[in-house]
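Asks: I have a structure I would like to understand better, so I am pasting it below and will then ask my questions one at a time.
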Amino acid sequence: MNYLVSLIKEIITKRKLILDLSKADFKKRFVGSYFGIAWMFLQPMATVLVYFFVFQMGFKSVPPVPDYPYVLWLIPGIVPWFYFSEVLNMGTGCLQEYNYLVKKVVFRVEILPVIKMLSCLMVHGIFAIIMILVFFCYGFLPKASWIQILYYSFASSMLSLAIAYFTSAIHVFFKDMAQIIGICLQFGMWMVPIMWAPEMFPTIPSWLPVLLKLNPFYYIVAGYRDSMLTGNWLTERPTLGLYFWSVTIVLMLIGLKVFKKLRPHFSDVL
């Protein structure tokens, strides 16, 4: 716990440096690309269109929230997932990418996953704006509950950062970790769930919705949909919220413990 407190103090003290490095990381991703930042949106938008045509146009799926088309039910679920998966993919390899900083004695390498997380958060902010614009295009006016997106974005940041500390430390010694994360994310999208909901299948076992809620990211997706669609407030899910933060804190402590234990060997391996 002392290690976590000291890290928080370090982040606060060096917040300007962290923000500058995050901005530089955001810009660096599109250097040398002909279409530049456009690639950041093309693949996620193509993914949304594929699921839209498959589930709404093909299977004629009806979302569990009345008076909303499937695409408006899908977007608040898939936007936070894009953010979560990007933080894990980018954060896992951050020590390898910034190996020149890891080898510097005066640089505290614990802030590298934070830099990656903030860089991805900038992208997520743009997607959140696009999500809101899509709702406007469908004729839906803003709700007070939309402000909760800030809270659920923060919750998603903490969960992804907790896991990234663990995966980034392991990745230095076990390069296959990046591929394992990619496979887990493919399964995870269907286990949250994002494209479907138990309510869409009347014959589904009664125990399955309970099992799905054991996934901490279920709280994030449900929160986004509560905020954007139903207007429910986070206080209406107190038990799920307590479970989410309990799991996130435990994962954060485990991730930091592994990171701290392996940190002295990073420079030797890299």
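Each chain of the structure tokens is named A, B, ... in the order shown, its residues numbered from 1; ligands are numbered from 1 in display order.
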Taking 5 positions as the minimum chain separation for residues in the same chain, which residues sit within 9 Å of Cys120 of chain A when counting only C-alpha atoms? Answer as a short mmCIF file (atom, residue, chain, number, x, y, z; two decimals) with C-alpha atoms, in the first residue's frame.

Replies:
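Once written, part_18.cif looks like this:
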```cif
data_model
loop_
_atom_site.label_atom_id
_atom_site.label_comp_id
_atom_site.auth_asym_id
_atom_site.auth_seq_id
_atom_site.Cartn_x
_atom_site.Cartn_y
_atom_site.Cartn_z
CA SER A 22 1.28 11.32 -23.26
CA PHE A 26 -0.47 10.21 -29.05
CA TYR A 83 -10.55 2.09 -24.84
CA PHE A 84 -9.98 -0.81 -22.46
CA GLU A 86 -6.27 -0.32 -26.50
CA VAL A 87 -4.82 0.41 -23.05
CA MET A 90 -0.44 -0.54 -25.85
CA ILE A 115 1.52 7.59 -20.02
CA GLY A 125 -12.43 11.25 -25.46
#
```

Asks: Please report, as a Markdown table, each residue of segment 59-166 of chain A lying at most 10 Å from segment 229-237 of chain A, together with the nearest pair of atoms and the separation in Å rounded to one decimal; use only C-alpha atoms, and order rows by chain and ascending residue number.

Replies:
```
| residue | atom | partner | partner_atom | distance |
| --- | --- | --- | --- | --- |
| A:Val65 | CA | A:Thr230 | CA | 7.5 |
| A:Pro66 | CA | A:Thr230 | CA | 9.3 |
| A:Asp67 | CA | A:Leu229 | CA | 9.6 |
| A:Tyr68 | CA | A:Leu229 | CA | 7.9 |
| A:Leu72 | CA | A:Leu229 | CA | 8.1 |
| A:Trp73 | CA | A:Leu229 | CA | 7.4 |
| A:Pro76 | CA | A:Leu229 | CA | 8.5 |
| A:Phe135 | CA | A:Leu229 | CA | 9.6 |
| A:Phe140 | CA | A:Leu229 | CA | 9.6 |
| A:Lys143 | CA | A:Gly231 | CA | 6.9 |
| A:Ala144 | CA | A:Gly231 | CA | 7.6 |
| A:Ser145 | CA | A:Gly231 | CA | 5.3 |
| A:Trp146 | CA | A:Gly231 | CA | 7.7 |
| A:Ile147 | CA | A:Trp233 | CA | 10.0 |
| A:Gln148 | CA | A:Leu234 | CA | 7.7 |
| A:Tyr151 | CA | A:Leu234 | CA | 9.1 |
| A:Tyr152 | CA | A:Leu234 | CA | 9.2 |
```

Asks: Within 10 Å of Ser85 of chain A, counting only C-alpha atoms, which residues show up once you throw out same-chain ones fewer than 2 positions away? Write them as a VMD selection string, please.

Replies: chain A and resid 80 to 83 87 to 91 120 160 181 to 182 184 to 186 188 to 189

Asks: May I have the residues within 9 Å of Tyr51 of chain A as number ranges by chain, using only C-alpha atoms and disregarding those fewer than 4 positions away in the same chain?

Replies: A: 46-47, 55-56, 71, 74, 195

Asks: One decimal, in Å: what's the spacing between atom CA of Ile180 of chain A and atom CA of Leu256 of chain A?

Replies: 19.9 Å

Asks: Counting only C-alpha atoms, which residue out of A:Met45, A:Met117, A:Val79, A:Ala169 sits closest to Lys23 of chain A?

Replies: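 Among the listed residues, A:Met117 lies closest to Lys23 of chain A.
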
Asks: Using only C-alpha atoms for the distances, tell me which of A:Gly255, A:Lys16, A:Thr248, A:Ile130 is nearest to Asn215 of chain A.

Replies: A:Thr248

Asks: Calculated over only C-alpha atoms, which of the candidates A:Thr167, A:Thr13, A:Ser157, A:Asn99 has the smallest distance to Ile220 of chain A?

Replies: A:Ser157

Asks: Of the candidates A:Phe187, A:Trp196, A:Tyr3, A:Tyr165, which shows the shortest atom-to-atom distance to Leu262 of chain A, using only C-alpha atoms?

Replies: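 Closest candidate: A:Tyr165.
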
Asks: Quick one: residues within 8 Å of Tyr243 of chain A, only C-alpha atoms, excluding same-chain residues fewer than 4 positions away - as a compact mmCIF listing (two decimals) with N, CA and C atoms, in the first residue's frame?

Replies:
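Writing the result to around.txt gives the following:
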```txt
# COMPACT_ATOMS: atom_id res chain seq x y z
N PRO A 216 -15.51 -7.85 -14.16
CA PRO A 216 -15.59 -6.46 -13.67
C PRO A 216 -15.93 -5.45 -14.75
N THR A 239 -24.17 -2.55 -5.20
CA THR A 239 -23.47 -3.83 -4.99
C THR A 239 -22.47 -4.10 -6.11
N VAL A 247 -12.47 -5.56 -6.79
CA VAL A 247 -11.66 -6.32 -7.73
C VAL A 247 -10.55 -5.45 -8.32
```

Asks: Within 10 Å of segment 7-9 of chain A, counting only C-alpha atoms, which residues qualify if same-chain residues fewer than 4 places away don't, as an NGL selection string?

Replies: :A and (1-3 or 13-15 or 108 or 110-111 or 256)

Asks: Could you save those same residues with N, CA, C and O atoms as a PDB file, in the first residue's frame?

Replies:
```pdb
ATOM      1  N   MET A   1       0.826  -1.207   0.000  1.00  0.00           N
ATOM      2  CA  MET A   1       0.000   0.000   0.000  1.00  0.00           C
ATOM      3  C   MET A   1       0.863   1.261   0.000  1.00  0.00           C
ATOM      4  O   MET A   1       0.534   2.262  -0.634  1.00  0.00           O
ATOM      5  N   ASN A   2       1.997   1.210   0.734  1.00  0.00           N
ATOM      6  CA  ASN A   2       2.913   2.358   0.753  1.00  0.00           C
ATOM      7  C   ASN A   2       3.480   2.618  -0.644  1.00  0.00           C
ATOM      8  O   ASN A   2       3.702   3.771  -1.028  1.00  0.00           O
ATOM      9  N   TYR A   3       3.721   1.543  -1.354  1.00  0.00           N
ATOM     10  CA  TYR A   3       4.232   1.663  -2.722  1.00  0.00           C
ATOM     11  C   TYR A   3       3.217   2.376  -3.610  1.00  0.00           C
ATOM     12  O   TYR A   3       3.581   3.230  -4.431  1.00  0.00           O
ATOM     13  N   THR A  13       3.318  14.817  -8.611  1.00  0.00           N
ATOM     14  CA  THR A  13       4.486  15.699  -8.691  1.00  0.00           C
ATOM     15  C   THR A  13       4.933  15.903 -10.132  1.00  0.00           C
ATOM     16  O   THR A  13       5.284  17.017 -10.536  1.00  0.00           O
ATOM     17  N   LYS A  14       4.915  14.829 -10.918  1.00  0.00           N
ATOM     18  CA  LYS A  14       5.410  14.891 -12.296  1.00  0.00           C
ATOM     19  C   LYS A  14       4.268  14.898 -13.313  1.00  0.00           C
ATOM     20  O   LYS A  14       4.428  14.408 -14.436  1.00  0.00           O
ATOM     21  N   ARG A  15       3.146  15.468 -12.927  1.00  0.00           N
ATOM     22  CA  ARG A  15       1.970  15.459 -13.802  1.00  0.00           C
ATOM     23  C   ARG A  15       2.206  16.172 -15.123  1.00  0.00           C
ATOM     24  O   ARG A  15       1.701  15.739 -16.164  1.00  0.00           O
ATOM     25  N   ARG A 108      11.468   7.011 -13.144  1.00  0.00           N
ATOM     26  CA  ARG A 108      10.636   6.017 -12.477  1.00  0.00           C
ATOM     27  C   ARG A 108       9.732   5.355 -13.514  1.00  0.00           C
ATOM     28  O   ARG A 108       8.767   5.958 -14.007  1.00  0.00           O
ATOM     29  N   GLU A 110       7.462   3.269 -13.413  1.00  0.00           N
ATOM     30  CA  GLU A 110       6.054   3.006 -13.089  1.00  0.00           C
ATOM     31  C   GLU A 110       5.097   3.951 -13.801  1.00  0.00           C
ATOM     32  O   GLU A 110       3.904   3.653 -13.935  1.00  0.00           O
ATOM     33  N   ILE A 111       5.622   5.100 -14.253  1.00  0.00           N
ATOM     34  CA  ILE A 111       4.723   6.053 -14.897  1.00  0.00           C
ATOM     35  C   ILE A 111       4.517   5.751 -16.380  1.00  0.00           C
ATOM     36  O   ILE A 111       3.651   6.353 -17.015  1.00  0.00           O
ATOM     37  N   LEU A 256       1.019  -4.005  -9.149  1.00  0.00           N
ATOM     38  CA  LEU A 256       2.134  -3.196  -8.661  1.00  0.00           C
ATOM     39  C   LEU A 256       3.163  -4.044  -7.915  1.00  0.00           C
ATOM     40  O   LEU A 256       4.365  -3.773  -7.984  1.00  0.00           O
TER      41      LEU A 256
END
```

Asks: If we count only C-alpha atoms and set the cut-off at 10 Å, which residues sit around Thr92 of chain A, ignoring sequence neighbours fewer than 6 positions away in its own chain? Please answer as a ChimeraX atom specification.

Replies: /A:86,113,116,161,163-172,175,177-178,181

Asks: Would you save the residues of that selection, restricted to N, CA and C atoms, as an mmCIF file, in the first residue's frame?

Replies:
```cif
data_model
loop_
_atom_site.group_PDB
_atom_site.id
_atom_site.type_symbol
_atom_site.label_atom_id
_atom_site.label_comp_id
_atom_site.auth_asym_id
_atom_site.auth_seq_id
_atom_site.Cartn_x
_atom_site.Cartn_y
_atom_site.Cartn_z
ATOM 1 N N GLU A 86 -7.422 -1.077 -26.004
ATOM 2 C CA GLU A 86 -6.271 -0.324 -26.496
ATOM 3 C C GLU A 86 -5.259 -0.085 -25.383
ATOM 4 N N PRO A 113 3.191 2.967 -17.914
ATOM 5 C CA PRO A 113 1.811 2.533 -18.191
ATOM 6 C C PRO A 113 0.798 3.666 -18.041
ATOM 7 N N LYS A 116 0.844 5.639 -21.305
ATOM 8 C CA LYS A 116 0.086 4.937 -22.345
ATOM 9 C C LYS A 116 -1.416 5.046 -22.112
ATOM 10 N N LEU A 161 -5.427 0.031 -16.184
ATOM 11 C CA LEU A 161 -4.088 0.337 -15.684
ATOM 12 C C LEU A 161 -3.608 -0.743 -14.718
ATOM 13 N N ILE A 163 -4.367 -3.915 -14.713
ATOM 14 C CA ILE A 163 -3.967 -5.098 -15.483
ATOM 15 C C ILE A 163 -2.696 -4.815 -16.273
ATOM 16 N N ALA A 164 -2.563 -3.591 -16.800
ATOM 17 C CA ALA A 164 -1.388 -3.234 -17.609
ATOM 18 C C ALA A 164 -0.102 -3.279 -16.800
ATOM 19 N N TYR A 165 -0.154 -2.951 -15.516
ATOM 20 C CA TYR A 165 1.051 -3.045 -14.685
ATOM 21 C C TYR A 165 1.555 -4.489 -14.640
ATOM 22 N N PHE A 166 0.626 -5.419 -14.512
ATOM 23 C CA PHE A 166 1.003 -6.830 -14.466
ATOM 24 C C PHE A 166 1.520 -7.313 -15.822
ATOM 25 N N THR A 167 0.766 -7.038 -16.889
ATOM 26 C CA THR A 167 1.134 -7.560 -18.207
ATOM 27 C C THR A 167 2.415 -6.919 -18.745
ATOM 28 N N SER A 168 2.624 -5.632 -18.481
ATOM 29 C CA SER A 168 3.835 -4.964 -18.973
ATOM 30 C C SER A 168 5.083 -5.515 -18.304
ATOM 31 N N ALA A 169 4.986 -5.811 -17.006
ATOM 32 C CA ALA A 169 6.134 -6.372 -16.293
ATOM 33 C C ALA A 169 6.456 -7.780 -16.786
ATOM 34 N N ILE A 170 5.424 -8.590 -17.003
ATOM 35 C CA ILE A 170 5.634 -9.959 -17.483
ATOM 36 C C ILE A 170 6.150 -9.955 -18.919
ATOM 37 N N HIS A 171 5.684 -9.009 -19.720
ATOM 38 C CA HIS A 171 6.039 -8.971 -21.143
ATOM 39 C C HIS A 171 7.540 -8.782 -21.356
ATOM 40 N N VAL A 172 8.214 -8.128 -20.442
ATOM 41 C CA VAL A 172 9.664 -7.931 -20.560
ATOM 42 C C VAL A 172 10.381 -9.280 -20.620
ATOM 43 N N LYS A 175 7.660 -12.608 -23.968
ATOM 44 C CA LYS A 175 7.153 -11.803 -25.088
ATOM 45 C C LYS A 175 5.802 -12.295 -25.598
ATOM 46 N N MET A 177 3.250 -12.667 -23.990
ATOM 47 C CA MET A 177 2.174 -12.035 -23.228
ATOM 48 C C MET A 177 1.298 -11.167 -24.124
ATOM 49 N N ALA A 178 1.888 -10.487 -25.096
ATOM 50 C CA ALA A 178 1.113 -9.620 -25.997
ATOM 51 C C ALA A 178 0.095 -10.430 -26.789
ATOM 52 N N ILE A 181 -2.747 -11.589 -24.449
ATOM 53 C CA ILE A 181 -3.683 -10.492 -24.192
ATOM 54 C C ILE A 181 -4.635 -10.315 -25.375
#
```

Asks: I'd like the interatomic distance between atom CA of Val269 of chain A and atom CA of Ile18 of chain A, to a tenth of an Å.

Replies: 24.6 Å

Asks: Just checking: using only C-alpha atoms, which residue out of A:Leu159, A:Met191, A:Ala197, A:Val123 ends up closest to Met40 of chain A?

Replies: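 Of A:Leu159, A:Met191, A:Ala197, A:Val123, the one nearest Met40 of chain A, counting only C-alpha atoms, is A:Val123.
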
Asks: Interatomic distance between atom CA of Ala128 of chain A and atom CA of Ala155 of chain A?

Replies: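 About the pair atom CA of Ala128 of chain A and atom CA of Ala155 of chain A: they are 14.9 Å apart.
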
Asks: Point out the residue among A:Pro69, A:Gly223, A:Gly77, A:Pro238 with the least atom-to-atom distance to Phe154 of chain A, counting only C-alpha atoms.

Replies: A:Gly223

Asks: Just list the residues in segment 132-229 of chain A DSSP gives helix (DSSP H, G or I) on the backbone, as a VMD selection string.

Replies: chain A and resid 132 to 137 144 to 173 177 to 191 198 to 200 208 to 212 217 to 229
